[in-house]
Amino acid sequence: MGDFNIGDKAVYPGHGVAEVMGLERREIAGSAMEFYVLRVLENDMKVMVPKSNASAVGLRRIVGEQEIKDVYGVLERRGEKISTATWNRRYREYMEKIKTGSLMEIAAVLRDLSILRSDKDLSFGERKMLDTARTLLVQELALAKGVENSDVVRELDTMFPLQ
């Protein structure tokens, strides 16, 4: 994966795209550690991630061209079996997928909840999760494709129209 440099964009699982604002050294329990200082673009939250632990927490680069195609493949796929578990179990399953930070998993959550929404009302938690998945997907796809967020929103609206 390699190191990140100041100014790089990275994906922090569960929070979305962040910019690497700096590198800080801190002494923790008697040993010096280096941290990436990140600013989450969505809400300006500051996050410090130990450099040595960056891949373990899932910090990764923005998806490339092939991954973008794969994500659209997931979004376009229909006929997948959508979990028939109770809404709270389904919520936990989807939350785990979002926490992985994998754009493929997030796309699957968005697809499944959008399809489910066309059949029945989603619970409050599921609606919130759908919004989260959508925000994470829009942010990263727009950045990866070099387009505005609104362009990706329009694409998703075409793929998953609101009733």
# chains A, B, ... in the order shown; residues from 1 in each chain; ligands from 1

call {"tool": "residues_around", "arguments": {"residues": "A:Ser114", "least_positions_apart": "4", "cutoff": "7 Å", "atoms": "only C-alpha atoms", "output": "short mmCIF file (atom, residue, chain, number, x, y, z; two decimals) with N, CA and C atoms, in the first residue's frame"}}
result
data_model
loop_
_atom_site.label_atom_id
_atom_site.label_comp_id
_atom_site.auth_asym_id
_atom_site.auth_seq_id
_atom_site.Cartn_x
_atom_site.Cartn_y
_atom_site.Cartn_z
N LEU A 110 -25.83 -0.33 -0.41
CA LEU A 110 -26.68 0.66 -1.08
C LEU A 110 -27.66 -0.02 -2.03
N SER A 118 -37.86 -0.31 -2.34
CA SER A 118 -38.92 -0.30 -3.36
C SER A 118 -40.04 -1.28 -3.02
N PHE A 160 -31.38 3.87 -9.03
CA PHE A 160 -32.29 3.53 -7.92
C PHE A 160 -33.27 4.68 -7.72
#

call {"tool": "residues_around", "arguments": {"residues": "A:Asn53", "least_positions_apart": "5", "cutoff": "12 Å", "atoms": "only C-alpha atoms", "output": "MDAnalysis selection string"}}
result
chainID A and resid 3 33:36 48 58:60

call {"tool": "write_last_selection", "arguments": {"atoms": "C-alpha atoms", "output": "PDB file, in the first residue's frame"}}
result
ATOM      1  CA  ASP A   3       2.970   5.549   2.770  1.00  0.00           C
ATOM      2  CA  MET A  33       5.043   6.858  17.393  1.00  0.00           C
ATOM      3  CA  GLU A  34       4.215   8.555  14.126  1.00  0.00           C
ATOM      4  CA  PHE A  35       0.612   9.394  13.309  1.00  0.00           C
ATOM      5  CA  TYR A  36      -1.123  10.453  10.126  1.00  0.00           C
ATOM      6  CA  MET A  48      -5.034  10.578  14.069  1.00  0.00           C
ATOM      7  CA  GLY A  58      -8.243  -0.109   6.837  1.00  0.00           C
ATOM      8  CA  LEU A  59      -6.798   3.229   5.722  1.00  0.00           C
ATOM      9  CA  ARG A  60      -6.486   2.896   1.960  1.00  0.00           C
TER      10      ARG A  60
END

call {"tool": "select_by_dssp", "arguments": {"residues": "chain A", "states": "strand (DSSP E)", "output": "PyMOL selection string"}}
result
chain A and resi 9-12+16-28+31-40+46-50+60-61

call {"tool": "write_last_selection", "arguments": {"atoms": "N, CA, C and O atoms", "output": "compact mmCIF listing (two decimals), in the first residue's frame"}}
result
# COMPACT_ATOMS: atom_id res chain seq x y z
N LYS A 9 -5.26 12.02 -0.64
CA LYS A 9 -6.61 11.65 -0.20
C LYS A 9 -6.57 10.16 0.14
O LYS A 9 -5.94 9.37 -0.58
N ALA A 10 -7.21 9.80 1.22
CA ALA A 10 -7.25 8.41 1.65
C ALA A 10 -8.67 8.12 2.14
O ALA A 10 -9.42 9.04 2.45
N VAL A 11 -9.02 6.85 2.20
CA VAL A 11 -10.33 6.46 2.70
C VAL A 11 -10.16 5.88 4.10
O VAL A 11 -9.38 4.95 4.31
N TYR A 12 -10.88 6.47 5.04
CA TYR A 12 -10.88 5.99 6.43
C TYR A 12 -12.21 5.27 6.64
O TYR A 12 -13.27 5.92 6.58
N GLY A 16 -15.26 7.78 5.43
CA GLY A 16 -15.16 8.24 4.05
C GLY A 16 -13.80 8.83 3.72
O GLY A 16 -12.79 8.52 4.34
N VAL A 17 -13.82 9.71 2.73
CA VAL A 17 -12.59 10.27 2.19
C VAL A 17 -12.04 11.31 3.17
O VAL A 17 -12.76 12.15 3.69
N ALA A 18 -10.73 11.23 3.38
CA ALA A 18 -10.04 12.17 4.25
C ALA A 18 -8.79 12.65 3.53
O ALA A 18 -8.26 11.98 2.66
N GLU A 19 -8.34 13.84 3.93
CA GLU A 19 -7.09 14.36 3.39
C GLU A 19 -6.01 14.23 4.45
O GLU A 19 -6.25 14.50 5.63
N VAL A 20 -4.83 13.81 4.03
CA VAL A 20 -3.70 13.70 4.96
C VAL A 20 -3.18 15.13 5.17
O VAL A 20 -2.68 15.76 4.24
N MET A 21 -3.35 15.62 6.38
CA MET A 21 -2.99 17.01 6.69
C MET A 21 -1.57 17.11 7.25
O MET A 21 -0.97 18.18 7.22
N GLY A 22 -1.07 16.01 7.79
CA GLY A 22 0.26 16.07 8.36
C GLY A 22 0.68 14.76 8.97
O GLY A 22 -0.07 13.77 8.96
N LEU A 23 1.87 14.77 9.49
CA LEU A 23 2.44 13.62 10.18
C LEU A 23 2.93 14.15 11.53
O LEU A 23 3.62 15.17 11.57
N GLU A 24 2.53 13.50 12.62
CA GLU A 24 2.95 13.97 13.94
C GLU A 24 3.62 12.84 14.70
O GLU A 24 3.21 11.68 14.59
N ARG A 25 4.63 13.20 15.46
CA ARG A 25 5.28 12.24 16.35
C ARG A 25 4.76 12.50 17.76
O ARG A 25 4.71 13.63 18.20
N ARG A 26 4.36 11.43 18.43
CA ARG A 26 3.88 11.54 19.81
C ARG A 26 4.55 10.44 20.62
O ARG A 26 4.82 9.36 20.09
N GLU A 27 4.74 10.73 21.87
CA GLU A 27 5.28 9.70 22.75
C GLU A 27 4.12 9.07 23.50
O GLU A 27 3.35 9.76 24.17
N ILE A 28 4.01 7.76 23.34
CA ILE A 28 2.93 7.04 23.99
C ILE A 28 3.54 5.87 24.74
O ILE A 28 4.25 5.06 24.15
N SER A 31 7.25 5.24 24.20
CA SER A 31 7.86 5.03 22.89
C SER A 31 7.28 6.03 21.88
O SER A 31 6.10 6.36 21.92
N ALA A 32 8.15 6.50 21.00
CA ALA A 32 7.74 7.49 20.00
C ALA A 32 6.97 6.79 18.88
O ALA A 32 7.36 5.72 18.42
N MET A 33 5.85 7.40 18.50
CA MET A 33 5.04 6.86 17.39
C MET A 33 4.74 7.97 16.41
O MET A 33 4.61 9.12 16.81
N GLU A 34 4.62 7.59 15.15
CA GLU A 34 4.22 8.56 14.13
C GLU A 34 2.75 8.34 13.79
O GLU A 34 2.29 7.20 13.67
N PHE A 35 2.03 9.44 13.62
CA PHE A 35 0.61 9.39 13.31
C PHE A 35 0.34 10.19 12.03
O PHE A 35 0.91 11.25 11.83
N TYR A 36 -0.57 9.65 11.21
CA TYR A 36 -1.12 10.45 10.13
C TYR A 36 -2.19 11.32 10.75
O TYR A 36 -3.03 10.83 11.51
N VAL A 37 -2.20 12.60 10.42
CA VAL A 37 -3.27 13.49 10.84
C VAL A 37 -4.19 13.65 9.64
O VAL A 37 -3.78 14.14 8.59
N LEU A 38 -5.42 13.20 9.80
CA LEU A 38 -6.39 13.21 8.70
C LEU A 38 -7.52 14.20 8.99
O LEU A 38 -7.90 14.38 10.15
N ARG A 39 -8.05 14.79 7.92
CA ARG A 39 -9.25 15.62 8.03
C ARG A 39 -10.30 14.98 7.16
O ARG A 39 -10.15 14.89 5.94
N VAL A 40 -11.37 14.48 7.79
CA VAL A 40 -12.45 13.84 7.05
C VAL A 40 -13.19 14.93 6.28
O VAL A 40 -13.62 15.92 6.85
N LYS A 46 -11.13 15.71 12.70
CA LYS A 46 -9.70 15.41 12.70
C LYS A 46 -9.50 14.02 13.31
O LYS A 46 -10.07 13.72 14.36
N VAL A 47 -8.72 13.19 12.62
CA VAL A 47 -8.47 11.84 13.09
C VAL A 47 -6.96 11.60 13.03
O VAL A 47 -6.30 12.00 12.09
N MET A 48 -6.45 10.95 14.07
CA MET A 48 -5.03 10.58 14.07
C MET A 48 -4.94 9.06 14.00
O MET A 48 -5.53 8.36 14.82
N VAL A 49 -4.21 8.57 13.00
CA VAL A 49 -4.06 7.14 12.80
C VAL A 49 -2.58 6.79 12.91
O VAL A 49 -1.76 7.38 12.21
N PRO A 50 -2.23 5.85 13.81
CA PRO A 50 -0.83 5.45 13.90
C PRO A 50 -0.33 4.95 12.54
O PRO A 50 -0.98 4.12 11.91
N ARG A 60 -6.88 3.33 3.30
CA ARG A 60 -6.49 2.90 1.96
C ARG A 60 -6.58 4.04 0.97
O ARG A 60 -7.16 5.08 1.26
N ARG A 61 -6.00 3.81 -0.18
CA ARG A 61 -6.05 4.80 -1.26
C ARG A 61 -7.44 4.81 -1.91
O ARG A 61 -8.19 3.85 -1.77

call {"tool": "closest_residue", "arguments": {"among": "A:Asn43, A:Asn149, A:Thr84, A:Thr135", "to": "A:Ile106", "atoms": "only C-alpha atoms"}}
result
A:Thr135

call {"tool": "closest_residue", "arguments": {"among": "A:Lys51, A:Arg111, A:Lys145, A:Arg127", "to": "A:Lys81", "atoms": "only C-alpha atoms"}}
result
A:Arg111

call {"tool": "atom_distance", "arguments": {"atom1": "atom CA of A:Asp121", "atom2": "atom CA of A:Trp87"}}
result
10.9 Å

call {"tool": "atom_distance", "arguments": {"atom1": "atom CA of A:Arg154", "atom2": "atom CA of A:Ile98"}}
result
21.9 Å

call {"tool": "select_by_dssp", "arguments": {"residues": "stretch 24-151 of chain A", "states": "helix (DSSP H, G or I)", "output": "PyMOL selection string"}}
result
chain A and resi 51-53+65-76+87-100+103-119+124-145+149-151

call {"tool": "residues_around", "arguments": {"residues": "A:Gly125", "least_positions_apart": "6", "cutoff": "12 Å", "atoms": "only C-alpha atoms", "output": "PDB file with C-alpha atoms, in the first residue's frame"}}
result
ATOM      1  CA  TRP A  87     -34.373  -5.571  10.323  1.00  0.00           C
ATOM      2  CA  ASN A  88     -32.039  -5.335  13.335  1.00  0.00           C
ATOM      3  CA  ARG A  89     -29.986  -8.366  12.282  1.00  0.00           C
ATOM      4  CA  ARG A  90     -29.875  -7.050   8.717  1.00  0.00           C
ATOM      5  CA  TYR A  91     -28.796  -3.666  10.133  1.00  0.00           C
ATOM      6  CA  ARG A  92     -25.876  -5.317  11.962  1.00  0.00           C
ATOM      7  CA  TYR A  94     -24.884  -4.096   6.716  1.00  0.00           C
ATOM      8  CA  MET A  95     -23.075  -2.077   9.392  1.00  0.00           C
ATOM      9  CA  LEU A 113     -31.342  -1.285   0.763  1.00  0.00           C
ATOM     10  CA  ASP A 131     -27.849   7.594   3.503  1.00  0.00           C
ATOM     11  CA  THR A 132     -24.441   6.729   4.987  1.00  0.00           C
TER      12      THR A 132
END

call {"tool": "atom_distance", "arguments": {"atom1": "atom CA of A:Arg117", "atom2": "atom CA of A:Glu67"}}
result
26.1 Å

call {"tool": "residues_around", "arguments": {"residues": "A:Leu75", "least_positions_apart": "4", "cutoff": "12 Å", "atoms": "only C-alpha atoms", "output": "list of chain:residue names"}}
result
A:Ile68, A:Lys69, A:Asp70, A:Val71, A:Gly79, A:Glu80, A:Leu103, A:Met104, A:Glu105, A:Ile106, A:Ala107, A:Ala108, A:Val109, A:Leu110, A:Arg111, A:Asp112, A:Leu113, A:Ser114, A:Ile115, A:Arg134, A:Leu137, A:Glu155, A:Leu156, A:Asp157, A:Thr158, A:Met159, A:Phe160

call {"tool": "closest_residue", "arguments": {"among": "A:Phe4, A:Gly64, A:Ala144, A:Ser83", "to": "A:Ser52", "atoms": "only C-alpha atoms"}}
result
A:Phe4

call {"tool": "closest_residue", "arguments": {"among": "A:Met45, A:Leu141, A:Ile82, A:Val147", "to": "A:Asp119", "atoms": "only C-alpha atoms"}}
result
A:Ile82

call {"tool": "decode", "arguments": {"residues": "stretch 130-156 of chain A", "atoms": "N, CA and C atoms", "output": "CSV table (one decimal), in the first residue's frame"}}
result
chain,number,residue,atom,x,y,z
A,130,LEU,N,-28.7,3.7,4.7
A,130,LEU,CA,-28.7,3.9,3.2
A,130,LEU,C,-28.1,5.2,2.9
A,131,ASP,N,-28.4,6.3,3.7
A,131,ASP,CA,-27.8,7.6,3.5
A,131,ASP,C,-26.3,7.6,3.7
A,132,THR,N,-25.9,6.8,4.7
A,132,THR,CA,-24.4,6.7,5.0
A,132,THR,C,-23.7,6.1,3.8
A,133,ALA,N,-24.3,4.9,3.4
A,133,ALA,CA,-23.7,4.2,2.3
A,133,ALA,C,-23.6,5.1,1.0
A,134,ARG,N,-24.7,5.8,0.8
A,134,ARG,CA,-24.8,6.7,-0.4
A,134,ARG,C,-23.7,7.8,-0.3
A,135,THR,N,-23.6,8.4,0.8
A,135,THR,CA,-22.6,9.5,1.0
A,135,THR,C,-21.2,9.0,0.8
A,136,LEU,N,-20.9,7.8,1.4
A,136,LEU,CA,-19.5,7.3,1.3
A,136,LEU,C,-19.2,7.0,-0.2
A,137,LEU,N,-20.2,6.4,-0.9
A,137,LEU,CA,-20.1,6.0,-2.3
A,137,LEU,C,-19.9,7.2,-3.2
A,138,VAL,N,-20.8,8.2,-3.0
A,138,VAL,CA,-20.7,9.4,-3.8
A,138,VAL,C,-19.4,10.1,-3.6
A,139,GLN,N,-19.0,10.3,-2.4
A,139,GLN,CA,-17.7,11.0,-2.1
A,139,GLN,C,-16.5,10.4,-2.9
A,140,GLU,N,-16.4,9.1,-2.7
A,140,GLU,CA,-15.2,8.4,-3.2
A,140,GLU,C,-15.3,8.3,-4.8
A,141,LEU,N,-16.5,7.9,-5.3
A,141,LEU,CA,-16.6,7.8,-6.7
A,141,LEU,C,-16.4,9.1,-7.4
A,142,ALA,N,-16.9,10.2,-6.9
A,142,ALA,CA,-16.7,11.5,-7.5
A,142,ALA,C,-15.2,11.8,-7.6
A,143,LEU,N,-14.6,11.6,-6.5
A,143,LEU,CA,-13.1,11.9,-6.4
A,143,LEU,C,-12.3,11.1,-7.4
A,144,ALA,N,-12.7,9.8,-7.4
A,144,ALA,CA,-11.9,8.8,-8.2
A,144,ALA,C,-12.2,9.1,-9.7
A,145,LYS,N,-13.4,9.5,-10.0
A,145,LYS,CA,-13.7,9.8,-11.4
A,145,LYS,C,-13.4,11.2,-11.9
A,146,GLY,N,-13.1,12.0,-10.9
A,146,GLY,CA,-12.8,13.4,-11.2
A,146,GLY,C,-14.0,14.2,-11.6
A,147,VAL,N,-15.1,13.9,-11.0
A,147,VAL,CA,-16.4,14.6,-11.4
A,147,VAL,C,-17.0,15.2,-10.1
A,148,GLU,N,-18.0,16.0,-10.2
A,148,GLU,CA,-18.7,16.6,-9.1
A,148,GLU,C,-19.5,15.5,-8.4
A,149,ASN,N,-19.7,15.7,-7.1
A,149,ASN,CA,-20.6,14.8,-6.3
A,149,ASN,C,-22.0,14.7,-6.9
A,150,SER,N,-22.5,15.8,-7.4
A,150,SER,CA,-23.9,15.8,-8.0
A,150,SER,C,-24.0,14.9,-9.2
A,151,ASP,N,-22.9,14.8,-10.0
A,151,ASP,CA,-22.9,13.9,-11.1
A,151,ASP,C,-23.1,12.4,-10.7
A,152,VAL,N,-22.4,12.0,-9.6
A,152,VAL,CA,-22.6,10.6,-9.1
A,152,VAL,C,-24.0,10.5,-8.5
A,153,VAL,N,-24.5,11.5,-7.8
A,153,VAL,CA,-25.8,11.5,-7.2
A,153,VAL,C,-26.8,11.2,-8.3
A,154,ARG,N,-26.7,11.9,-9.5
A,154,ARG,CA,-27.6,11.7,-10.6
A,154,ARG,C,-27.6,10.3,-11.1
A,155,GLU,N,-26.4,9.8,-11.2
A,155,GLU,CA,-26.2,8.4,-11.7
A,155,GLU,C,-26.9,7.4,-10.8
A,156,LEU,N,-26.7,7.6,-9.5
A,156,LEU,CA,-27.4,6.7,-8.5
A,156,LEU,C,-28.9,6.9,-8.5
